[in-house]
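Structure below is protein.txt: compact mmCIF, C-alpha atoms (C1' of nucleotides).
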# COMPACT_ATOMS: atom_id res chain seq x y z
CA MET A 1 8.25 76.81 56.03
CA LYS A 2 11.54 75.13 55.34
CA ILE A 3 11.41 71.35 55.50
CA ALA A 4 14.34 68.98 55.04
CA THR A 5 14.85 65.25 54.60
CA TRP A 6 18.18 63.68 55.48
CA ASN A 7 19.47 60.14 55.86
CA VAL A 8 22.13 60.60 58.56
CA ASN A 9 23.55 57.03 58.53
CA SER A 10 23.71 56.79 62.34
CA VAL A 11 22.80 59.74 64.51
CA LYS A 12 25.16 58.65 67.29
CA ALA A 13 28.26 58.01 65.18
CA ARG A 14 28.19 61.57 63.78
CA LEU A 15 26.20 63.62 66.27
CA PRO A 16 28.48 66.70 66.07
CA THR A 17 28.16 66.70 62.26
CA VAL A 18 24.40 66.27 62.44
CA LEU A 19 24.01 69.15 64.91
CA GLU A 20 26.26 71.40 62.84
CA VAL A 21 24.34 70.72 59.63
CA LEU A 22 20.97 71.19 61.34
CA LYS A 23 22.16 74.52 62.69
CA THR A 24 23.39 75.59 59.26
CA ILE A 25 20.31 74.67 57.24
CA ASP A 26 18.00 76.06 59.96
CA CYS A 27 14.75 74.39 58.88
CA ASP A 28 11.37 74.39 60.59
CA VAL A 29 10.86 70.66 60.12
CA ILE A 30 13.50 67.94 59.64
CA CYS A 31 12.83 64.35 58.62
CA LEU A 32 15.69 62.01 59.53
CA GLN A 33 16.36 58.43 58.44
CA GLU A 34 18.78 55.65 59.35
CA LEU A 35 19.16 56.72 62.96
CA LYS A 36 20.59 53.28 63.81
CA CYS A 37 19.57 53.70 67.44
CA GLU A 38 16.71 52.71 69.68
CA THR A 39 13.99 55.25 70.41
CA ASP A 40 15.22 55.84 73.98
CA ALA A 41 18.83 56.30 72.82
CA PHE A 42 18.01 59.25 70.53
CA PRO A 43 19.95 62.40 71.54
CA TYR A 44 16.82 64.31 72.61
CA MET A 45 18.69 66.82 74.76
CA GLU A 46 21.05 67.99 72.04
CA ILE A 47 18.20 68.25 69.51
CA GLU A 48 16.01 70.17 71.97
CA ASP A 49 18.89 72.55 72.58
CA LEU A 50 18.60 73.50 68.88
CA GLY A 51 14.95 74.36 69.47
CA TYR A 52 13.32 71.18 68.16
CA GLU A 53 10.72 68.83 69.48
CA ALA A 54 11.38 65.26 68.29
CA ALA A 55 9.14 62.30 67.42
CA VAL A 56 11.26 59.16 67.08
CA HIS A 57 10.63 55.62 65.83
CA GLY A 58 13.91 53.81 66.37
CA GLN A 59 15.26 50.30 66.58
CA LYS A 60 18.52 48.65 67.47
CA THR A 61 21.35 48.71 64.86
CA TYR A 62 19.30 49.35 61.72
CA ASN A 63 16.77 51.73 60.19
CA GLY A 64 15.08 54.25 62.50
CA VAL A 65 13.26 57.46 61.52
CA ALA A 66 12.43 60.74 63.23
CA ILE A 67 10.69 64.05 62.68
CA LEU A 68 11.99 67.22 64.32
CA SER A 69 9.93 70.37 64.44
CA LYS A 70 10.24 73.86 65.88
CA THR A 71 6.49 73.83 66.51
CA ASN A 72 4.28 71.45 68.43
CA ILE A 73 4.11 67.83 67.21
CA GLU A 74 0.76 66.02 67.37
CA ASP A 75 -0.99 62.83 66.24
CA VAL A 76 2.14 60.70 65.92
CA VAL A 77 1.83 57.48 63.91
CA LYS A 78 4.73 55.01 64.10
CA GLY A 79 4.93 52.36 61.40
CA LEU A 80 3.17 52.35 58.03
CA PRO A 81 -0.58 51.94 58.59
CA GLY A 82 -1.78 48.66 57.09
CA ASN A 83 1.70 47.17 57.40
CA GLU A 84 1.71 46.71 61.17
CA ASP A 85 3.54 43.37 61.01
CA ASP A 86 6.64 45.10 59.63
CA GLU A 87 9.34 44.84 62.30
CA GLN A 88 11.58 47.42 60.66
CA SER A 89 11.29 51.05 61.80
CA ARG A 90 10.98 52.84 58.49
CA TYR A 91 7.99 55.18 58.82
CA ILE A 92 6.76 57.91 61.14
CA GLU A 93 4.04 60.47 60.52
CA VAL A 94 3.04 63.57 62.50
CA THR A 95 1.06 66.77 62.30
CA THR A 96 3.03 69.94 62.97
CA GLY A 97 3.51 73.48 61.67
CA GLY A 98 1.62 75.52 64.25
CA GLU A 99 -1.00 77.85 62.77
CA THR A 100 -0.77 76.23 59.34
CA PRO A 101 -0.71 72.51 60.09
CA VAL A 102 0.97 70.07 57.74
CA ARG A 103 0.95 66.29 57.83
CA VAL A 104 4.53 65.06 57.48
CA ALA A 105 5.97 61.57 57.02
CA SER A 106 9.61 60.54 57.37
CA ILE A 107 10.24 57.51 55.16
CA TYR A 108 13.14 55.08 54.94
CA LEU A 109 12.06 52.91 52.04
CA PRO A 110 13.69 49.46 51.78
CA ASN A 111 16.75 49.23 49.59
CA GLY A 112 15.63 46.04 47.87
CA ASN A 113 19.00 44.61 46.90
CA PRO A 114 19.95 42.08 45.78
CA PHE A 115 17.64 42.10 42.76
CA PRO A 116 15.86 39.85 42.19
CA GLY A 117 15.05 38.25 45.54
CA GLU A 118 13.12 38.39 48.77
CA LYS A 119 14.44 41.81 49.69
CA PHE A 120 13.25 43.24 46.38
CA ASP A 121 9.82 41.68 46.94
CA TYR A 122 9.76 43.31 50.40
CA LYS A 123 10.57 46.66 48.82
CA LEU A 124 7.71 46.42 46.30
CA SER A 125 5.30 45.23 48.97
CA TRP A 126 6.31 48.13 51.21
CA MET A 127 5.73 50.56 48.35
CA LYS A 128 2.19 49.22 47.90
CA TYR A 129 1.40 49.97 51.53
CA LEU A 130 2.94 53.42 51.10
CA GLU A 131 0.77 54.06 48.03
CA ALA A 132 -2.36 53.10 49.97
CA ARG A 133 -1.39 55.41 52.85
CA ALA A 134 -0.49 58.23 50.47
CA SER A 135 -3.90 57.87 48.85
CA ASP A 136 -5.67 58.03 52.23
CA LEU A 137 -3.72 61.14 53.23
CA LEU A 138 -4.91 62.99 50.12
CA LYS A 139 -8.45 62.75 51.48
CA LEU A 140 -7.44 65.17 54.23
CA GLU A 141 -7.22 67.87 51.54
CA GLU A 142 -4.45 69.45 53.58
CA PRO A 143 -0.77 70.02 52.91
CA VAL A 144 0.94 66.62 53.12
CA ILE A 145 4.68 66.11 52.75
CA LEU A 146 6.09 62.61 52.22
CA ALA A 147 9.80 63.08 52.81
CA GLY A 148 12.55 60.54 52.85
CA ASP A 149 15.11 58.19 51.46
CA TYR A 150 13.02 56.44 48.82
CA ASN A 151 15.86 54.28 47.56
CA VAL A 152 14.56 54.92 44.04
CA ILE A 153 16.52 56.54 41.21
CA PRO A 154 13.56 58.07 39.32
CA SER A 155 15.21 58.14 35.89
CA ASP A 156 18.51 57.42 34.16
CA ASP A 157 19.26 61.15 34.35
CA ASP A 158 19.37 60.88 38.14
CA CYS A 159 22.56 58.83 38.24
CA TRP A 160 26.05 59.22 36.85
CA ASP A 161 26.08 56.02 34.81
CA PRO A 162 22.84 54.10 34.14
CA SER A 163 24.73 51.00 33.07
CA VAL A 164 26.18 50.64 36.57
CA TRP A 165 22.68 50.68 38.08
CA ALA A 166 20.87 48.62 35.45
CA ASN A 167 20.68 45.52 37.63
CA ASP A 168 20.22 47.37 40.91
CA ALA A 169 16.96 47.42 42.87
CA LEU A 170 17.07 51.26 42.98
CA ALA A 171 16.70 51.61 39.23
CA GLN A 172 14.38 48.70 38.34
CA PRO A 173 11.33 49.56 36.22
CA GLU A 174 9.09 48.14 38.99
CA SER A 175 10.68 50.45 41.58
CA ARG A 176 10.36 53.45 39.29
CA ALA A 177 6.76 52.60 38.42
CA ALA A 178 5.80 52.36 42.09
CA PHE A 179 7.44 55.74 42.71
CA GLN A 180 5.64 57.17 39.67
CA ARG A 181 2.29 55.86 40.93
CA LEU A 182 2.63 58.12 44.00
CA GLN A 183 2.83 61.03 41.61
CA TRP A 184 -0.13 59.84 39.57
CA LEU A 185 -2.14 59.88 42.78
CA GLY A 186 -1.53 63.63 42.83
CA TYR A 187 1.79 64.12 44.61
CA THR A 188 4.44 66.42 43.19
CA GLU A 189 8.09 65.36 43.20
CA SER A 190 9.55 68.66 44.41
CA PHE A 191 12.97 68.68 42.82
CA ALA A 192 11.88 67.48 39.39
CA SER A 193 8.95 69.92 39.38
CA ILE A 194 10.94 73.12 39.76
CA GLU A 195 14.62 72.41 39.33
CA ALA A 196 14.37 70.13 36.30
CA LYS A 197 18.09 69.50 36.52
CA SER A 198 19.58 66.21 35.53
CA HIS A 199 22.59 64.71 37.25
CA ALA A 200 21.94 66.38 40.59
CA TYR A 201 22.60 63.91 43.37
CA THR A 202 21.75 63.33 47.03
CA PHE A 203 23.88 60.23 47.70
CA TRP A 204 27.51 59.38 46.97
CA ASP A 205 28.89 56.00 48.01
CA TYR A 206 31.80 55.91 50.46
CA GLN A 207 33.55 53.52 48.08
CA ARG A 208 35.55 54.00 44.90
CA GLY A 209 36.04 57.72 45.43
CA ALA A 210 32.44 58.31 44.38
CA TRP A 211 32.22 61.75 45.98
CA GLN A 212 35.48 63.01 44.43
CA LYS A 213 34.35 61.80 40.98
CA ASP A 214 30.75 63.02 41.47
CA HIS A 215 29.48 59.49 40.94
CA GLY A 216 26.18 60.03 42.75
CA ILE A 217 22.51 59.17 42.59
CA ARG A 218 19.34 61.09 43.47
CA ILE A 219 17.24 58.96 45.83
CA ASP A 220 16.09 61.36 48.57
CA HIS A 221 12.81 63.02 47.70
CA LEU A 222 10.10 65.38 48.93
CA LEU A 223 6.63 64.47 47.65
CA LEU A 224 3.92 67.08 48.11
CA SER A 225 0.14 66.84 48.06
CA PRO A 226 -1.58 69.41 45.80
CA GLU A 227 -2.21 71.69 48.80
CA ALA A 228 1.52 71.74 49.53
CA GLY A 229 2.78 71.54 45.95
CA ASP A 230 1.00 74.76 45.03
CA ARG A 231 3.08 76.53 47.66
CA LEU A 232 6.50 75.21 46.73
CA GLU A 233 8.97 78.02 46.08
CA LYS A 234 12.38 76.42 46.01
CA VAL A 235 14.25 73.14 46.45
CA GLU A 236 17.86 72.91 47.55
CA ILE A 237 20.25 70.00 47.80
CA PHE A 238 22.66 70.81 50.63
CA LYS A 239 25.61 69.24 48.84
CA ALA A 240 28.21 70.78 51.18
CA ALA A 241 27.23 68.23 53.86
CA ARG A 242 28.97 65.47 51.88
CA GLY A 243 32.32 67.26 52.07
CA LEU A 244 32.43 67.53 55.87
CA GLU A 245 34.50 65.37 58.22
CA LYS A 246 32.87 62.00 58.88
CA PRO A 247 29.95 62.74 56.57
CA SER A 248 26.79 60.76 56.00
CA ASP A 249 26.72 59.30 52.48
CA HIS A 250 23.46 61.23 51.92
CA VAL A 251 22.91 65.02 52.01
CA PRO A 252 19.80 66.99 53.06
CA VAL A 253 17.15 67.97 50.51
CA ILE A 254 15.36 71.16 51.54
CA GLY A 255 11.98 72.40 50.37
CA HIS A 256 10.78 76.00 50.84
CA LEU A 257 7.01 76.29 51.06
CA LYS A 258 5.01 79.45 51.33
CA LEU A 259 2.31 78.47 53.80
CA THR A 260 0.03 81.25 54.96
C1' DA B 1 42.63 41.91 39.36
C1' DT B 2 36.11 43.26 39.83
C1' DG B 3 38.23 45.57 45.19
C1' DG B 4 38.15 49.80 47.10
C1' DC B 5 33.95 52.45 52.59
C1' DA B 6 31.56 52.86 56.89
C1' DA B 7 28.64 51.50 60.94
C1' DC B 8 27.15 48.02 63.93
C1' DC B 9 27.50 44.08 67.14
C1' DA B 10 30.35 41.25 68.66
C1' DA B 11 34.64 39.89 68.80
C1' DT B 12 39.59 40.15 66.29
C1' DG B 13 35.08 38.72 61.43
C1' DG B 14 30.15 38.85 59.56
C1' DT B 15 26.20 41.63 58.05
C1' DT B 16 24.15 45.48 55.93
C1' DG B 17 23.84 49.28 53.06
C1' DA B 18 23.28 51.47 47.90

Can you present the structure in this file as structure tokens?
Amino acid sequence: MKIATWNVNSVKARLPTVLEVLKTIDCDVICLQELKCETDAFPYMEIEDLGYEAAVHGQKTYNGVAILSKTNIEDVVKGLPGNEDDEQSRYIEVTTGGETPVRVASIYLPNGNPFPGEKFDYKLSWMKYLEARASDLLKLEEPVILAGDYNVIPSDDDCWDPSVWANDALAQPESRAAFQRLQWLGYTESFASIEAKSHAYTFWDYQRGAWQKDHGIRIDHLLLSPEAGDRLEKVEIFKAARGLEKPSDHVPVIGHLKLT
DNA sequence: ATGGCAACCAATGGTTGA
């Protein structure tokens, strides 16, 4: 199984680009974030034409997450369980995969800037609910994949210049600790576990020529339960997506799992 | 000199993102 996570930064504003990239990477499951459209406005037809079923949790203007799968999607959960009062569409979870079912979540974790402040508090609170849900999902003892834009730079080696990010919500010790706690629960951070490369990025700002200078950060991650982590074969960052016309500022991260 | 980009909604600018 090939599974990807990708923050598209508006599915409507760059639909041709999105469809082209999805065709190129040809994954079985795709987790999308920052749709910036309401659930009913999602381009279901175009996505179905590529062979995908779609589960969508959208909202007007901001946020919005989806999971696309080439096999049947079941047991859809919209919103982070336990955090039902959250009005922002940042979490969707499904079971898919056909004969070898996997539980998959598409996550758009709050940015948290400016730090410190209310938005940072919201980020940390959201991460606590995510940790509780992640813990519950382990009890399934099945392959679980928590995929998304975590808005966390795990270490100083995951950005081009730590000093630039020192006061940013994405690199705060509290953000990193909350991300680390997911791994202490038993989840494997795919890229770090088998690529072990520093200064590999998944996001480059539109500003200041960040892409041309390779001033990026690594904030899009695939976290795997033990049942999925054992079957991880390869992780790719589809960097070419950032060089296309009208690109998203994020690129897809793709995990290859050998599921029997 | 401390910005510079892009999307969105609404409106010819403000908000948000990372």

Exercise answer, chain A residues close to chain B, 8 Å and only C-alpha atoms (C1' of nucleotides), as a CSV table (one decimal) with C-alpha atoms, in the coordinates of the input:
chain,number,residue,atom,x,y,z
A,9,ASN,CA,23.6,57.0,58.5
A,10,SER,CA,23.7,56.8,62.3
A,13,ALA,CA,28.3,58.0,65.2
A,61,THR,CA,21.4,48.7,64.9
A,111,ASN,CA,16.8,49.2,49.6
A,151,ASN,CA,15.9,54.3,47.6
A,170,LEU,CA,17.1,51.3,43.0
A,205,ASP,CA,28.9,56.0,48.0
A,206,TYR,CA,31.8,55.9,50.5
A,207,GLN,CA,33.6,53.5,48.1
A,208,ARG,CA,35.6,54.0,44.9

Correct to one decimal, the distance CA of Gln33 in chain A-CA of Lys139 in chain A is 26.1 Å

Neighbour list for Ala54 in chain A as number ranges by chain, cut-off 10 Å, only C-alpha atoms (C1' of nucleotides), skip fewer than 3 positions in-chain: A: 29-31, 42-45, 47-48, 51, 57, 66-70, 72-73

In Å, how far is it from CA of Gly148 in chain A to CA of Ala166 in chain A?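 Rounded to one decimal, the two atoms are 22.7 Å apart.
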
Name the residues in contact with range 83-93 of chain A at a cut-off of 9 Å, using only C-alpha atoms (C1' of nucleotides), excluding same-chain residues fewer than 6 positions from it; report them as a PyMOL selection string. chain A and resi 33-34+55-59+62-67+75-77+103-110+126+129-130+146

Within 10 Å of range 132-138 of chain A, counting only C-alpha atoms (C1' of nucleotides), which residues show up once you throw out same-chain ones fewer than 6 positions away? Write them as a list in words, please.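 Close residues of range 132-138 of chain A: Leu80, Pro81, Gly82, Asn83, Arg103, Ala105, Val144, Ile145, Leu146, Leu182, Gln183, Leu185, Gly186, Tyr187, Leu223, Leu224, Ser225, Pro226 and Glu227 of chain A.
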
Could you tell me how far CA of Glu236 in chain A lies from CA of Glu141 in chain A, in Å and to one decimal?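 Spanning CA of Glu236 in chain A to CA of Glu141 in chain A is a straight-line distance of 25.9 Å.
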
Given the choices A:Gln180, A:Ser175, A:Ser155, A:Ser193, which gets closest to Tyr122 in chain A if the distance is worked out from only C-alpha atoms? A:Ser175

For Leu50 in chain A, please output as an MDAnalysis selection string all residues within 10 Å (counting all atoms listed in the file; exclusion window: fewer than 4 positions along the same chain). chainID A and resid 19:20 22:23 26 45:46 70

Return as lines of an AutoDock Vina configuration file the box centre and box size in Å, one decimal, for an axis-aligned box around all listed atoms of range 3-15 of chain B padded by 8 Å per side.
center_x = 32.9
center_y = 45.8
center_z = 57.0
size_x = 29.4
size_y = 30.1
size_z = 39.6

Output as a JSON list (two decimals), in the frame of the given file: range 91-119 of chain A, completed with N, CA and C atoms.
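See result_31.json below for the written result:
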[["chain", "number", "residue", "atom", "x", "y", "z"],
["A", 91, "TYR", "N", 9.05, 54.20, 59.13],
["A", 91, "TYR", "CA", 7.99, 55.18, 58.82],
["A", 91, "TYR", "C", 7.49, 55.84, 60.09],
["A", 92, "ILE", "N", 7.42, 57.16, 60.07],
["A", 92, "ILE", "CA", 6.76, 57.91, 61.14],
["A", 92, "ILE", "C", 6.04, 59.10, 60.52],
["A", 93, "GLU", "N", 4.89, 59.43, 61.10],
["A", 93, "GLU", "CA", 4.04, 60.47, 60.52],
["A", 93, "GLU", "C", 3.51, 61.34, 61.65],
["A", 94, "VAL", "N", 3.51, 62.64, 61.45],
["A", 94, "VAL", "CA", 3.04, 63.57, 62.50],
["A", 94, "VAL", "C", 2.29, 64.74, 61.86],
["A", 95, "THR", "N", 1.59, 65.47, 62.70],
["A", 95, "THR", "CA", 1.06, 66.77, 62.30],
["A", 95, "THR", "C", 1.86, 67.83, 63.05],
["A", 96, "THR", "N", 2.29, 68.86, 62.34],
["A", 96, "THR", "CA", 3.03, 69.94, 62.97],
["A", 96, "THR", "C", 2.88, 71.20, 62.10],
["A", 97, "GLY", "N", 3.56, 72.27, 62.49],
["A", 97, "GLY", "CA", 3.51, 73.48, 61.67],
["A", 97, "GLY", "C", 2.81, 74.65, 62.33],
["A", 98, "GLY", "N", 2.24, 74.42, 63.53],
["A", 98, "GLY", "CA", 1.62, 75.52, 64.25],
["A", 98, "GLY", "C", 0.33, 75.98, 63.61],
["A", 99, "GLU", "N", 0.26, 77.28, 63.25],
["A", 99, "GLU", "CA", -1.00, 77.85, 62.77],
["A", 99, "GLU", "C", -1.41, 77.30, 61.41],
["A", 100, "THR", "N", -0.44, 76.84, 60.63],
["A", 100, "THR", "CA", -0.77, 76.23, 59.34],
["A", 100, "THR", "C", -0.30, 74.79, 59.35],
["A", 101, "PRO", "N", -1.14, 73.89, 59.89],
["A", 101, "PRO", "CA", -0.71, 72.51, 60.09],
["A", 101, "PRO", "C", -0.40, 71.78, 58.78],
["A", 102, "VAL", "N", 0.63, 70.95, 58.86],
["A", 102, "VAL", "CA", 0.97, 70.07, 57.74],
["A", 102, "VAL", "C", 1.11, 68.65, 58.30],
["A", 103, "ARG", "N", 0.73, 67.69, 57.48],
["A", 103, "ARG", "CA", 0.95, 66.29, 57.83],
["A", 103, "ARG", "C", 2.26, 65.87, 57.18],
["A", 104, "VAL", "N", 3.18, 65.36, 57.97],
["A", 104, "VAL", "CA", 4.53, 65.06, 57.48],
["A", 104, "VAL", "C", 4.88, 63.61, 57.78],
["A", 105, "ALA", "N", 5.46, 62.92, 56.80],
["A", 105, "ALA", "CA", 5.97, 61.57, 57.02],
["A", 105, "ALA", "C", 7.47, 61.53, 56.75],
["A", 106, "SER", "N", 8.20, 60.82, 57.62],
["A", 106, "SER", "CA", 9.61, 60.54, 57.37],
["A", 106, "SER", "C", 9.74, 59.07, 56.99],
["A", 107, "ILE", "N", 10.28, 58.83, 55.80],
["A", 107, "ILE", "CA", 10.24, 57.51, 55.16],
["A", 107, "ILE", "C", 11.65, 56.99, 54.89],
["A", 108, "TYR", "N", 11.91, 55.76, 55.34],
["A", 108, "TYR", "CA", 13.14, 55.08, 54.94],
["A", 108, "TYR", "C", 12.73, 53.83, 54.18],
["A", 109, "LEU", "N", 12.58, 53.98, 52.89],
["A", 109, "LEU", "CA", 12.06, 52.91, 52.04],
["A", 109, "LEU", "C", 13.12, 51.81, 51.87],
["A", 110, "PRO", "N", 12.70, 50.55, 51.90],
["A", 110, "PRO", "CA", 13.69, 49.46, 51.78],
["A", 110, "PRO", "C", 14.55, 49.58, 50.53],
["A", 111, "ASN", "N", 15.80, 49.19, 50.68],
["A", 111, "ASN", "CA", 16.75, 49.23, 49.59],
["A", 111, "ASN", "C", 16.38, 48.25, 48.47],
["A", 112, "GLY", "N", 16.10, 47.01, 48.86],
["A", 112, "GLY", "CA", 15.63, 46.04, 47.87],
["A", 112, "GLY", "C", 16.68, 45.20, 47.19],
["A", 113, "ASN", "N", 17.96, 45.45, 47.47],
["A", 113, "ASN", "CA", 19.00, 44.61, 46.90],
["A", 113, "ASN", "C", 19.23, 43.39, 47.78],
["A", 114, "PRO", "N", 19.68, 42.26, 47.21],
["A", 114, "PRO", "CA", 19.95, 42.08, 45.78],
["A", 114, "PRO", "C", 18.66, 41.87, 44.96],
["A", 115, "PHE", "N", 18.74, 42.30, 43.71],
["A", 115, "PHE", "CA", 17.64, 42.10, 42.76],
["A", 115, "PHE", "C", 18.04, 40.99, 41.79],
["A", 116, "PRO", "N", 17.15, 40.04, 41.52],
["A", 116, "PRO", "CA", 15.86, 39.85, 42.19],
["A", 116, "PRO", "C", 16.05, 39.08, 43.49],
["A", 117, "GLY", "N", 14.97, 39.02, 44.29],
["A", 117, "GLY", "CA", 15.05, 38.25, 45.54],
["A", 117, "GLY", "C", 14.03, 38.71, 46.55],
["A", 118, "GLU", "N", 14.09, 38.11, 47.72],
["A", 118, "GLU", "CA", 13.12, 38.39, 48.77],
["A", 118, "GLU", "C", 13.13, 39.86, 49.19],
["A", 119, "LYS", "N", 14.34, 40.42, 49.24],
["A", 119, "LYS", "CA", 14.44, 41.81, 49.69],
["A", 119, "LYS", "C", 13.80, 42.77, 48.69]]
